[in-house]
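Structure file final28.csv (CSV, C-alpha atoms) is printed below.
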chain,number,residue,atom,x,y,z
K,7,MET,CA,72.4,110.0,55.2
K,8,ARG,CA,73.3,106.3,55.8
K,9,LYS,CA,74.5,106.6,59.4
K,10,THR,CA,72.0,108.9,61.0
K,11,ASP,CA,73.6,108.6,64.4
K,12,ARG,CA,76.4,110.7,63.0
K,13,GLU,CA,74.2,113.4,61.7
K,14,ILE,CA,74.4,117.0,63.0
K,15,THR,CA,71.0,118.7,62.9
K,16,ASP,CA,71.3,121.7,65.1
K,17,LEU,CA,71.8,124.8,62.9
K,18,ASN,CA,74.0,126.5,65.6
K,19,GLU,CA,76.2,123.4,65.8
K,20,ILE,CA,76.5,123.3,62.0
K,21,ALA,CA,77.4,127.0,62.0
K,22,GLY,CA,80.1,126.2,64.6
K,23,LEU,CA,81.5,123.5,62.3
K,24,ILE,CA,81.5,125.9,59.3
K,25,GLU,CA,83.2,128.6,61.4
K,26,GLY,CA,86.0,126.2,62.1
K,27,CYS,CA,86.7,125.5,58.5
K,28,ASP,CA,89.2,127.6,56.5
K,29,THR,CA,88.4,126.2,53.0
K,30,LEU,CA,85.1,125.7,51.1
K,31,ARG,CA,85.3,123.3,48.2
K,32,LEU,CA,83.0,124.4,45.4
K,33,GLY,CA,82.0,121.7,42.9
K,34,PHE,CA,80.7,122.2,39.4
K,35,ASN,CA,79.4,119.9,36.6
K,36,ASP,CA,81.8,120.5,33.7
K,37,ASP,CA,80.2,118.7,30.8
K,38,GLY,CA,79.6,115.5,32.8
K,39,CYS,CA,82.9,115.7,34.7
K,40,PRO,CA,83.2,117.1,38.3
K,41,TYR,CA,85.4,120.2,38.7
K,42,ILE,CA,86.2,121.2,42.3
K,43,VAL,CA,87.8,124.4,43.5
K,44,PRO,CA,89.1,125.1,47.0
K,45,LEU,CA,88.2,128.7,48.1
K,46,SER,CA,88.4,130.9,51.1
K,47,PHE,CA,84.9,132.1,52.1
K,48,GLY,CA,82.6,134.0,54.3
K,49,TYR,CA,79.2,132.9,55.3
K,50,GLU,CA,76.0,133.7,57.3
K,51,LEU,CA,72.9,131.8,58.4
K,52,VAL,CA,69.8,133.3,56.9
K,53,ASP,CA,66.3,131.8,57.5
K,54,GLY,CA,67.6,128.3,57.9
K,55,ALA,CA,69.9,128.5,54.8
K,56,PHE,CA,73.7,128.8,54.8
K,57,VAL,CA,74.8,131.6,52.5
K,58,PHE,CA,78.4,131.4,51.4
K,59,TYR,CA,80.4,134.2,49.8
K,60,VAL,CA,83.4,133.5,47.6
K,61,HIS,CA,85.5,135.5,45.1
K,62,GLY,CA,87.8,135.0,42.2
K,63,ALA,CA,88.9,136.3,38.8
K,64,LYS,CA,86.4,137.5,36.3
K,65,VAL,CA,87.9,135.2,33.7
K,66,GLY,CA,88.8,131.5,33.6
K,67,ARG,CA,87.3,128.1,34.0
K,68,ARG,CA,85.8,128.5,37.4
K,69,HIS,CA,84.2,131.8,36.4
K,70,THR,CA,82.8,130.3,33.2
K,71,LEU,CA,81.3,127.3,35.0
K,72,ALA,CA,79.8,129.6,37.7
K,73,GLN,CA,78.1,131.7,35.0
K,74,LYS,CA,76.3,128.7,33.5
K,75,ALA,CA,75.7,126.7,36.6
K,76,GLU,CA,72.1,126.2,37.9
K,77,LEU,CA,73.3,124.4,41.0
K,78,VAL,CA,76.7,123.9,42.6
K,79,CYS,CA,77.9,121.7,45.4
K,80,VAL,CA,79.8,122.9,48.5
K,81,GLU,CA,81.8,120.9,51.0
K,82,ALA,CA,83.8,121.9,54.1
K,83,ASP,CA,85.3,119.6,56.8
K,84,ILE,CA,87.5,119.5,59.8
K,85,CYS,CA,89.8,116.5,60.5
K,86,LYS,CA,90.8,116.4,64.2
K,87,GLY,CA,93.1,113.5,63.7
K,88,TYR,CA,92.9,109.7,63.7
K,89,VAL,CA,91.7,107.2,66.2
K,90,THR,CA,92.6,103.5,66.7
K,91,LEU,CA,89.6,101.3,67.1
K,92,ARG,CA,89.3,97.9,68.7
K,93,GLY,CA,91.1,95.4,66.6
K,94,GLY,CA,93.7,97.9,65.5
K,95,ALA,CA,91.7,99.6,62.7
K,96,LEU,CA,92.1,103.4,62.2
K,97,THR,CA,89.4,105.9,61.5
K,98,ALA,CA,89.3,109.7,61.2
K,99,ASP,CA,87.8,111.9,63.9
K,100,TYR,CA,86.0,114.4,61.6
K,101,ARG,CA,83.1,116.8,61.1
K,102,SER,CA,81.8,117.7,57.7
K,103,PHE,CA,79.2,119.7,55.8
K,104,ILE,CA,78.0,119.2,52.3
K,105,GLY,CA,75.2,120.9,50.4
K,106,ARG,CA,74.0,122.2,47.1
K,107,GLY,CA,72.7,125.5,46.2
K,108,LYS,CA,72.3,128.3,43.7
K,109,ILE,CA,75.2,130.5,42.8
K,110,GLU,CA,74.9,134.1,41.7
K,111,THR,CA,77.2,137.1,41.1
K,112,LEU,CA,77.0,140.1,43.4
K,113,GLU,CA,77.8,143.7,42.6
K,114,GLY,CA,78.0,147.0,44.3
K,115,ASP,CA,77.2,147.2,48.1
K,116,GLU,CA,76.2,143.5,48.2
K,117,ALA,CA,79.7,142.6,46.8
K,118,VAL,CA,81.4,144.9,49.4
K,119,ARG,CA,79.4,143.3,52.2
K,120,ALA,CA,80.2,139.8,50.9
K,121,LEU,CA,83.9,140.6,50.8
K,122,GLU,CA,83.8,142.0,54.3
K,123,LEU,CA,82.2,138.8,55.6
K,124,LEU,CA,84.8,136.8,53.7
K,125,CYS,CA,87.7,138.8,55.1
K,126,ARG,CA,86.3,138.6,58.6
K,127,HIS,CA,86.0,134.8,58.4
K,128,CYS,CA,89.6,134.7,57.2
K,129,GLY,CA,90.8,136.7,60.2
K,130,PHE,CA,90.9,140.2,58.8
K,131,ASP,CA,88.4,142.2,60.8
K,132,THR,CA,89.4,145.6,59.4
K,133,MET,CA,90.4,144.9,55.8
K,134,PRO,CA,88.8,147.6,53.6
K,135,CYS,CA,87.1,146.5,50.4
K,136,THR,CA,87.5,149.5,48.1
K,137,LYS,CA,85.6,150.1,44.9
K,138,ALA,CA,88.8,149.3,42.9
K,139,VAL,CA,89.0,145.9,44.6
K,140,VAL,CA,85.3,145.1,44.0
K,141,ASP,CA,85.6,146.2,40.4
K,142,MET,CA,88.4,143.8,39.6
K,143,THR,CA,86.9,140.8,41.5
K,144,CYS,CA,84.0,138.5,40.8
K,145,VAL,CA,82.1,138.1,44.0
K,146,GLU,CA,79.6,135.3,44.3
K,147,LYS,CA,76.9,134.2,46.7
K,148,ILE,CA,75.9,130.6,47.1
K,149,THR,CA,72.6,130.0,48.9
K,150,VAL,CA,72.5,126.4,50.3
K,151,LYS,CA,69.1,125.2,51.5
K,152,GLU,CA,69.7,121.5,51.0
K,153,PHE,CA,72.6,120.2,53.2
K,154,THR,CA,73.8,117.6,55.6
K,155,ALA,CA,76.4,117.7,58.3
K,156,LYS,CA,77.9,114.8,60.2
K,157,GLN,CA,80.7,113.8,62.6
K,158,ARG,CA,82.5,110.6,63.4
K,159,PHE,CA,82.6,111.1,67.2
K,160,LYS,CA,80.4,113.2,69.4

Could you quickly redo this structure as structure tokens?
Amino acid sequence: MRKTDREITDLNEIAGLIEGCDTLRLGFNDDGCPYIVPLSFGYELVDGAFVFYVHGAKVGRRHTLAQKAELVCVEADICKGYVTLRGGALTADYRSFIGRGKIETLEGDEAVRALELLCRHCGFDTMPCTKAVVDMTCVEKITVKEFTAKQRFK
């Protein structure tokens, strides 16, 4: 990170940043060209790694790329607004997270738990994830051990 004074290193503070985000951007390498998909997500902090849970169709470009990906990139951010600096320049007041990790498909009870975490993060504490829902949905887990987080203003 170029500007280390903006770095967020405390895992609980990073978790708070992620909790405040409603979209996770998932990036793939598509034959040398970036392909980015915005997704709703759930997450948890496990042994110093951020584990994200996403879902989607069992067919299509995103699904195909996830099936062959060794690593993916994730990004989430919060823009609180814009600030006028001395001299009249403007800058964003933001917090952001970026990392890379391994993506894998979940099934059965693991998929149900992942969907429950996703629903909870999206504000639905009691949404049931039936077998029929799990059977028609591709549920994925992204384990991110390499990441950085930063903010413009503390």

Exercise: Leu112 in chain K partners within 8 Å, only C-alpha atoms, chain neighbours under 4 positions left out, as JSON, numbers by chain: {"K": [116, 117, 144, 145, 146, 147]}

One number please: CA of Arg119 in chain K to CA of Arg67 in chain K, in Å, one decimal. 25.0 Å

Range 33-149 of chain K near range 13-23 of chain K within 8 Å: what's each residue's closest atom pair and its distance in Å to one decimal, counting only C-alpha atoms, ordered by chain then ascending residue number, as JSON lines?
{"residue": "K:Leu51", "atom": "CA", "partner": "K:Ala21", "partner_atom": "CA", "distance": 7.5}
{"residue": "K:Gly54", "atom": "CA", "partner": "K:Leu17", "partner_atom": "CA", "distance": 7.4}
{"residue": "K:Asp83", "atom": "CA", "partner": "K:Leu23", "partner_atom": "CA", "distance": 7.7}
{"residue": "K:Ile84", "atom": "CA", "partner": "K:Leu23", "partner_atom": "CA", "distance": 7.6}
{"residue": "K:Arg101", "atom": "CA", "partner": "K:Leu23", "partner_atom": "CA", "distance": 7.0}
{"residue": "K:Ser102", "atom": "CA", "partner": "K:Leu23", "partner_atom": "CA", "distance": 7.4}
{"residue": "K:Phe103", "atom": "CA", "partner": "K:Ile20", "partner_atom": "CA", "distance": 7.7}

Between K:Ile104, K:Ile109, K:Cys27, K:Met142, which has the minimum distance to Lys156 in chain K (counting only C-alpha atoms)? K:Ile104

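Among K:Val43, K:Val118, K:Val52, K:Leu123, the residue with the shortest atom-to-atom distance to Cys79 in chain K, counting only C-alpha atoms, is K:Val43.
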
Nearby residues, (87.3, 144.6, 55.9) file frame, 12 Å, all atoms listed in the file, as JSON, numbers by chain: {"K": [48, 118, 119, 120, 121, 122, 123, 124, 125, 126, 127, 128, 129, 130, 131, 132, 133, 134, 135, 136, 139]}

Polymer residues at most 9 Å from range 31-41 of chain K, only C-alpha atoms, same-chain spacing of 3 or more positions, as an NGL selection string: :K and (44-46 or 68 or 71-72 or 75 or 77-82)

Could you give me, as number ranges by chain, the residues within 9 Å of Gly114 in chain K, counting only C-alpha atoms and dropping anything in the same chain fewer than 6 positions from it? K: 137, 140-141

Enter the distance from CA of Arg106 in chain K to CA of Ile148 in chain K, in Å, rounded to one decimal.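 Separation of CA of Arg106 in chain K and CA of Ile148 in chain K: 8.6 Å.
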
Thr97 in chain K: which residues within 10 Å, counting all atoms listed in the file, same-chain residues fewer than 6 positions away excluded, as a ChimeraX atom specification? /K:87-91,158

Selected residues written out, C-alpha atoms, as a PDB file, in the frame of the given file:
ATOM      1  CA  GLY K  87      93.100 113.500  63.700  1.00  0.00           C
ATOM      2  CA  TYR K  88      92.900 109.700  63.700  1.00  0.00           C
ATOM      3  CA  VAL K  89      91.700 107.200  66.200  1.00  0.00           C
ATOM      4  CA  THR K  90      92.600 103.500  66.700  1.00  0.00           C
ATOM      5  CA  LEU K  91      89.600 101.300  67.100  1.00  0.00           C
ATOM      6  CA  ARG K 158      82.500 110.600  63.400  1.00  0.00           C
TER       7      ARG K 158
END
